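Have a look at the structure below, then the notes.
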Amino acid sequence: MKVFKFGGASVKDAAGVRNLAEIVRSQGQNAVIVVSAMGKTTNALESIVRAYADRNTDSVHRQIESLKAYHYTIMSELTGDFSAVDQTFAHLETYVEQPVGGLYDEVYDQIVSLGELLSTQIIAAYVKQTGLSAQWLDARQLIRTDTTFREGRVNWEVTNRRIKEAVGKNRIHITQGFIGQTDDNRTTTLGREGSDYTAAIFAYCLQAESVTIWKDVPGVLNADPKWFDETVLLEKLTYQDAIELAYYGATVIHPKTIKPLQNKGIPLYVKSFLKPGAPGTVIGNYERHLTIPSFIFKVNQVLISLHPNDFSFIAEDNLSRIFGRFAQAGVKINLMQNTAISFSVVVDNNPDRVPALLDLLKQDFRVSYNDGLELITIRYYDQGTIERVLPNKKLLLEQKSRYTVQLVVKDVG
Ligand SMILES: Nc1ncnc2c1ncn2[C@@H]1O[C@H](COP(=O)(O)OP(=O)(O)O)[C@@H](O)[C@H]1O
Ligand SMILES: N[C@@H](CC(=O)OP(=O)(O)O)C(=O)O
């Protein structure tokens, strides 16, 4: 049994879906195919959630129509039959007619999860039409999570049992990435870009032979080609290096993906859906670490500095208060540093979460912040690589460990 994962970029149009079917036909006859929402559908659904929460009915309806048009165009080029998604769109339309109830994050999951249902309904219908026998699986029935909406934590025991029961041998199964369900049947999501993680969950439970994530790049490169001109393909990576790169923000793999695979020694291939025959990257149990430096850029960062209002030191009591506030606001820390009387953190400048965090912090601290920053991480750095990224940048903060340097910079060019 293999597990394949196709992201939004790979199924953004009808040609992408045909390409998926071809890859599955040639390489994945005994496989679980995990698919994300098509193209930028998750962003579009997030925007619908915001309009719905703001009770902007016109905008909600306009955006649903545009989402429908996008999916209908793809279906008209593939099967010409729109019935596969009827129920899902009807459900969305009924849902937004009701008054906004419940917490924002829960409402978010009920709406945003529909992107993966739509994509897999369309893809399963098309794959069947091409003559392959494929079974559509509802990942919500299989992946059991707690009630941490937007970042559901997996209940491995229940999930393991359910996946084993649902997945048969020598078949093609098509299912959704990114989504799960609580004990009381409320839909959850696993965190943005969480479909890679879903693939790892299935592979772990099924003791799969391998996982392949199909991307629009040749494999894992030593930098994001969107930011860097001269990138190098990393043909082999240890699980440890892959975890570190993903953790620091190499968006090519979701950071939670690697550990379950490492625990069972399942290799993870990262390959190009444009050149399915090319070797790509394989992540596994290797003795040797990477030797070439890798670069990770995170833009739209904000540096928040805190000074206790009561002039106390940054010691255990203040630290525990600070971390409590971050957990309460659901903001993840990308980097932190402290002195005796100040604590600095760098986080993604998420407009849904950072303003609320600042309000919470202001209860106990004098807060200053500096936005529009970049966080550059270099793994296996040397002085030359640091100098390579610093032209036209003002360095605000630097943190070094044995293998990794992190630089917080402002563009001055
Ligand atoms: N180190 C890296 N190697 C390759 N691609 C990277 C790296 N870091 C970031 N990326 C980006 O990851 C993108 C693929 O991930 P993503 O767009 O999330 O795919 P999908 O939607 O298929 O999950 C690439 O287009 C590339 O811009
Ligand atoms: N659709 C979800 C989950 C996901 O993993 O998508 P992708 O594989 O396209 O990054 C998101 O955009 O967050």
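In the structure tokens, chains take the letters A, B, ... in the order shown, each chain's residues start at 1, and ligands count up from 1 in the order shown.
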
Residue contacts of stretch 209-222 of chain A (6 Å, only C-alpha atoms) excluding same-chain residues fewer than 4 positions away, as a PyMOL selection string
chain A and resi 1-6+231-234+266-273+280-281+294

Which residues are near A:Gln207? Cut-off 12 Å, only C-alpha atoms, ignore same chain within fewer than 4 positions. Put them as a PyMOL selection string.
chain A and resi 1-3+160+163-164+167+199-203+211+260-267

Using DSSP on the backbone coordinates, identify all residues within stretch 44-214 of chain A classified as alpha helix (DSSP H); present the result as a ChimeraX atom specification.
/A:44-53,57-78,86-97,104-112,114-129,139-142,156-166,195-206

Neighbours of ligand 2 at 10 Å or closer, counting only C-alpha atoms and all ligand atoms: which residues, as a short mmCIF file (atom, residue, chain, number, x, y, z; two decimals) with C-alpha atoms, in the first residue's frame?
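Saved as result.cif:
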data_model
loop_
_atom_site.label_atom_id
_atom_site.label_comp_id
_atom_site.auth_asym_id
_atom_site.auth_seq_id
_atom_site.Cartn_x
_atom_site.Cartn_y
_atom_site.Cartn_z
CA LYS A 5 -0.83 13.30 -1.68
CA PHE A 6 -1.86 15.88 -4.25
CA GLY A 7 -1.96 19.52 -3.13
CA GLY A 8 -4.10 22.38 -4.35
CA ALA A 9 -1.59 23.46 -7.01
CA SER A 10 -1.64 20.01 -8.64
CA VAL A 11 -5.45 19.97 -9.07
CA LYS A 12 -6.10 23.64 -9.78
CA VAL A 34 -5.10 12.21 -0.29
CA VAL A 35 -6.20 15.41 -2.01
CA SER A 36 -6.35 19.08 -0.94
CA ALA A 37 -8.85 21.70 -2.03
CA MET A 38 -8.45 22.86 -5.64
CA GLY A 39 -6.14 25.81 -6.31
CA LYS A 40 -6.76 28.66 -3.87
CA THR A 41 -10.15 27.33 -2.68
CA THR A 42 -9.13 27.29 1.00
CA ASN A 43 -8.28 31.01 0.85
CA ALA A 44 -11.62 31.67 -0.88
CA LEU A 45 -13.49 29.75 1.84
CA GLU A 46 -11.61 31.65 4.54
CA VAL A 112 -13.33 25.74 5.18
CA SER A 113 -13.39 21.90 5.27
CA LEU A 114 -15.80 21.90 2.32
CA GLY A 115 -12.96 22.66 -0.14
CA GLU A 116 -11.49 19.18 0.28
CA SER A 119 -12.19 18.45 -4.79
CA GLN A 176 -9.56 14.45 1.78
CA GLY A 177 -6.48 15.95 3.35
CA PHE A 178 -6.69 18.51 6.16
CA ILE A 179 -10.00 17.47 7.78
CA THR A 189 -9.26 20.97 10.39
CA LEU A 190 -5.66 20.07 11.12
CA GLY A 191 -4.04 23.46 10.47
CA ARG A 192 -3.35 25.25 7.20
CA GLU A 193 -1.46 23.12 4.70
CA GLY A 194 -2.32 20.07 6.82
CA SER A 195 -3.00 17.65 3.96
CA ASP A 196 0.59 16.42 3.98
CA TYR A 197 -0.01 15.48 7.61
CA THR A 198 -3.16 13.55 6.66
CA ALA A 199 -1.07 11.53 4.20
CA ILE A 213 3.73 14.15 -2.10
CA TRP A 214 3.36 15.53 -5.62
CA LYS A 215 4.47 19.15 -5.93
CA THR A 251 6.55 25.29 3.22
CA VAL A 252 7.18 22.42 0.82
CA ILE A 253 6.33 19.93 3.62
CA HIS A 254 4.02 20.45 6.57
#

How many Å lie between atom CA of A:Gly413 and atom CA of A:Ile376, rounded to one decimal?
16.2 Å

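Of the residues under consideration (A:Val345, A:Leu397, A:Leu274, A:Ile283), A:Leu274 shows the shortest atom-to-atom contact distance to A:Ile23 when counting only C-alpha atoms.
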
Which one is closest to ligand 1: A:Asp371, A:Glu398, A:Glu244, A:Asp364? Count only C-alpha atoms and all ligand atoms.
A:Glu244

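Remark: for A:Gln328, the closest of the candidate residues A:Asp184, A:Asp86, A:Asp359, A:Glu65 is A:Asp359 (distances computed over only C-alpha atoms).
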
Counting only C-alpha atoms, the residue of A:Leu78, A:Val96, A:Ala53, A:Ile33 that sits nearest A:Asp13:
A:Leu78

Just want the 12 Å neighbourhood of A:Phe323, counted on only C-alpha atoms, with same-chain residues fewer than 4 positions away dropped. Output as a PDB file with N, CA and C atoms, in the first residue's frame.
ATOM      1  N   GLU A 316      10.448  33.253  35.701  1.00  0.00           N
ATOM      2  CA  GLU A 316       9.442  32.207  35.491  1.00  0.00           C
ATOM      3  C   GLU A 316       8.006  32.728  35.501  1.00  0.00           C
ATOM      4  N   ASP A 317       7.684  33.619  36.472  1.00  0.00           N
ATOM      5  CA  ASP A 317       6.280  34.057  36.570  1.00  0.00           C
ATOM      6  C   ASP A 317       5.859  34.847  35.325  1.00  0.00           C
ATOM      7  N   ASN A 318       6.720  35.769  34.891  1.00  0.00           N
ATOM      8  CA  ASN A 318       6.371  36.532  33.691  1.00  0.00           C
ATOM      9  C   ASN A 318       6.359  35.646  32.446  1.00  0.00           C
ATOM     10  N   LEU A 319       7.327  34.724  32.368  1.00  0.00           N
ATOM     11  CA  LEU A 319       7.376  33.844  31.188  1.00  0.00           C
ATOM     12  C   LEU A 319       6.117  32.996  31.107  1.00  0.00           C
ATOM     13  N   ALA A 327      -0.721  31.139  23.982  1.00  0.00           N
ATOM     14  CA  ALA A 327      -1.547  29.941  23.770  1.00  0.00           C
ATOM     15  C   ALA A 327      -3.014  30.335  23.672  1.00  0.00           C
ATOM     16  N   GLN A 328      -3.429  31.273  24.531  1.00  0.00           N
ATOM     17  CA  GLN A 328      -4.837  31.728  24.529  1.00  0.00           C
ATOM     18  C   GLN A 328      -5.209  32.351  23.184  1.00  0.00           C
ATOM     19  N   ALA A 329      -4.274  33.128  22.608  1.00  0.00           N
ATOM     20  CA  ALA A 329      -4.566  33.808  21.335  1.00  0.00           C
ATOM     21  C   ALA A 329      -4.295  32.892  20.135  1.00  0.00           C
ATOM     22  N   GLY A 330      -3.724  31.703  20.373  1.00  0.00           N
ATOM     23  CA  GLY A 330      -3.439  30.768  19.278  1.00  0.00           C
ATOM     24  C   GLY A 330      -2.367  31.287  18.339  1.00  0.00           C
ATOM     25  N   VAL A 331      -1.368  31.974  18.893  1.00  0.00           N
ATOM     26  CA  VAL A 331      -0.284  32.508  18.042  1.00  0.00           C
ATOM     27  C   VAL A 331       0.984  31.689  18.288  1.00  0.00           C
ATOM     28  N   LYS A 332       1.584  31.236  17.174  1.00  0.00           N
ATOM     29  CA  LYS A 332       2.796  30.422  17.309  1.00  0.00           C
ATOM     30  C   LYS A 332       4.032  31.312  17.257  1.00  0.00           C
ATOM     31  N   ILE A 333       4.996  30.984  18.095  1.00  0.00           N
ATOM     32  CA  ILE A 333       6.220  31.785  18.169  1.00  0.00           C
ATOM     33  C   ILE A 333       7.257  31.229  17.186  1.00  0.00           C
ATOM     34  N   MET A 336      12.310  33.533  19.735  1.00  0.00           N
ATOM     35  CA  MET A 336      12.178  34.351  20.956  1.00  0.00           C
ATOM     36  C   MET A 336      13.549  34.618  21.553  1.00  0.00           C
ATOM     37  N   PHE A 343      11.368  40.918  26.768  1.00  0.00           N
ATOM     38  CA  PHE A 343      11.185  39.632  26.088  1.00  0.00           C
ATOM     39  C   PHE A 343      10.741  39.950  24.667  1.00  0.00           C
ATOM     40  N   VAL A 345       9.662  38.483  20.773  1.00  0.00           N
ATOM     41  CA  VAL A 345       9.238  37.313  19.986  1.00  0.00           C
ATOM     42  C   VAL A 345       8.955  37.751  18.568  1.00  0.00           C
ATOM     43  N   LEU A 357      -3.953  39.243  20.451  1.00  0.00           N
ATOM     44  CA  LEU A 357      -2.801  38.905  21.308  1.00  0.00           C
ATOM     45  C   LEU A 357      -2.232  40.178  21.940  1.00  0.00           C
ATOM     46  N   LEU A 360      -4.240  41.311  24.815  1.00  0.00           N
ATOM     47  CA  LEU A 360      -4.028  40.471  26.006  1.00  0.00           C
ATOM     48  C   LEU A 360      -2.713  40.830  26.697  1.00  0.00           C
ATOM     49  N   LEU A 361      -1.662  41.007  25.894  1.00  0.00           N
ATOM     50  CA  LEU A 361      -0.341  41.274  26.476  1.00  0.00           C
ATOM     51  C   LEU A 361      -0.296  42.629  27.179  1.00  0.00           C
TER      52      LEU A 361
END

At what distance in Å, to one decimal, does atom CA of A:Ala15 lie from atom CA of A:Thr79?
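Atom-to-atom, atom CA of A:Thr79 and atom CA of A:Ala15 are spaced 12.5 Å apart.
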
When you look at A:Val127 with a cut-off of 10 Å (counting only C-alpha atoms), what residues show up, excluding the ones that are within fewer than 5 positions of it in the same chain? I need them as a short mmCIF file (atom, residue, chain, number, x, y, z; two decimals) with C-alpha atoms, in the first residue's frame.
data_model
loop_
_atom_site.label_atom_id
_atom_site.label_comp_id
_atom_site.auth_asym_id
_atom_site.auth_seq_id
_atom_site.Cartn_x
_atom_site.Cartn_y
_atom_site.Cartn_z
CA VAL A 17 -7.03 16.39 -12.48
CA ARG A 18 -6.30 14.49 -15.70
CA LEU A 20 -3.48 13.10 -11.29
CA ALA A 21 -5.53 10.29 -12.84
CA GLU A 22 -2.64 9.40 -15.15
CA VAL A 24 -2.57 7.12 -10.23
CA ARG A 25 -3.17 4.80 -13.20
CA LEU A 78 -13.95 16.68 -17.12
CA THR A 79 -17.24 14.85 -16.72
CA ILE A 122 -14.99 15.83 -8.46
CA LEU A 132 -10.42 3.00 -12.67
CA SER A 133 -12.26 1.52 -9.75
CA ALA A 134 -11.87 4.00 -6.90
CA GLN A 135 -13.56 4.33 -3.55
CA ILE A 172 -7.63 3.00 -5.08
CA ILE A 174 -9.60 8.80 -2.67
#

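One finds atom CA of A:Glu374 at 14.6 Å from atom CA of A:Phe228.
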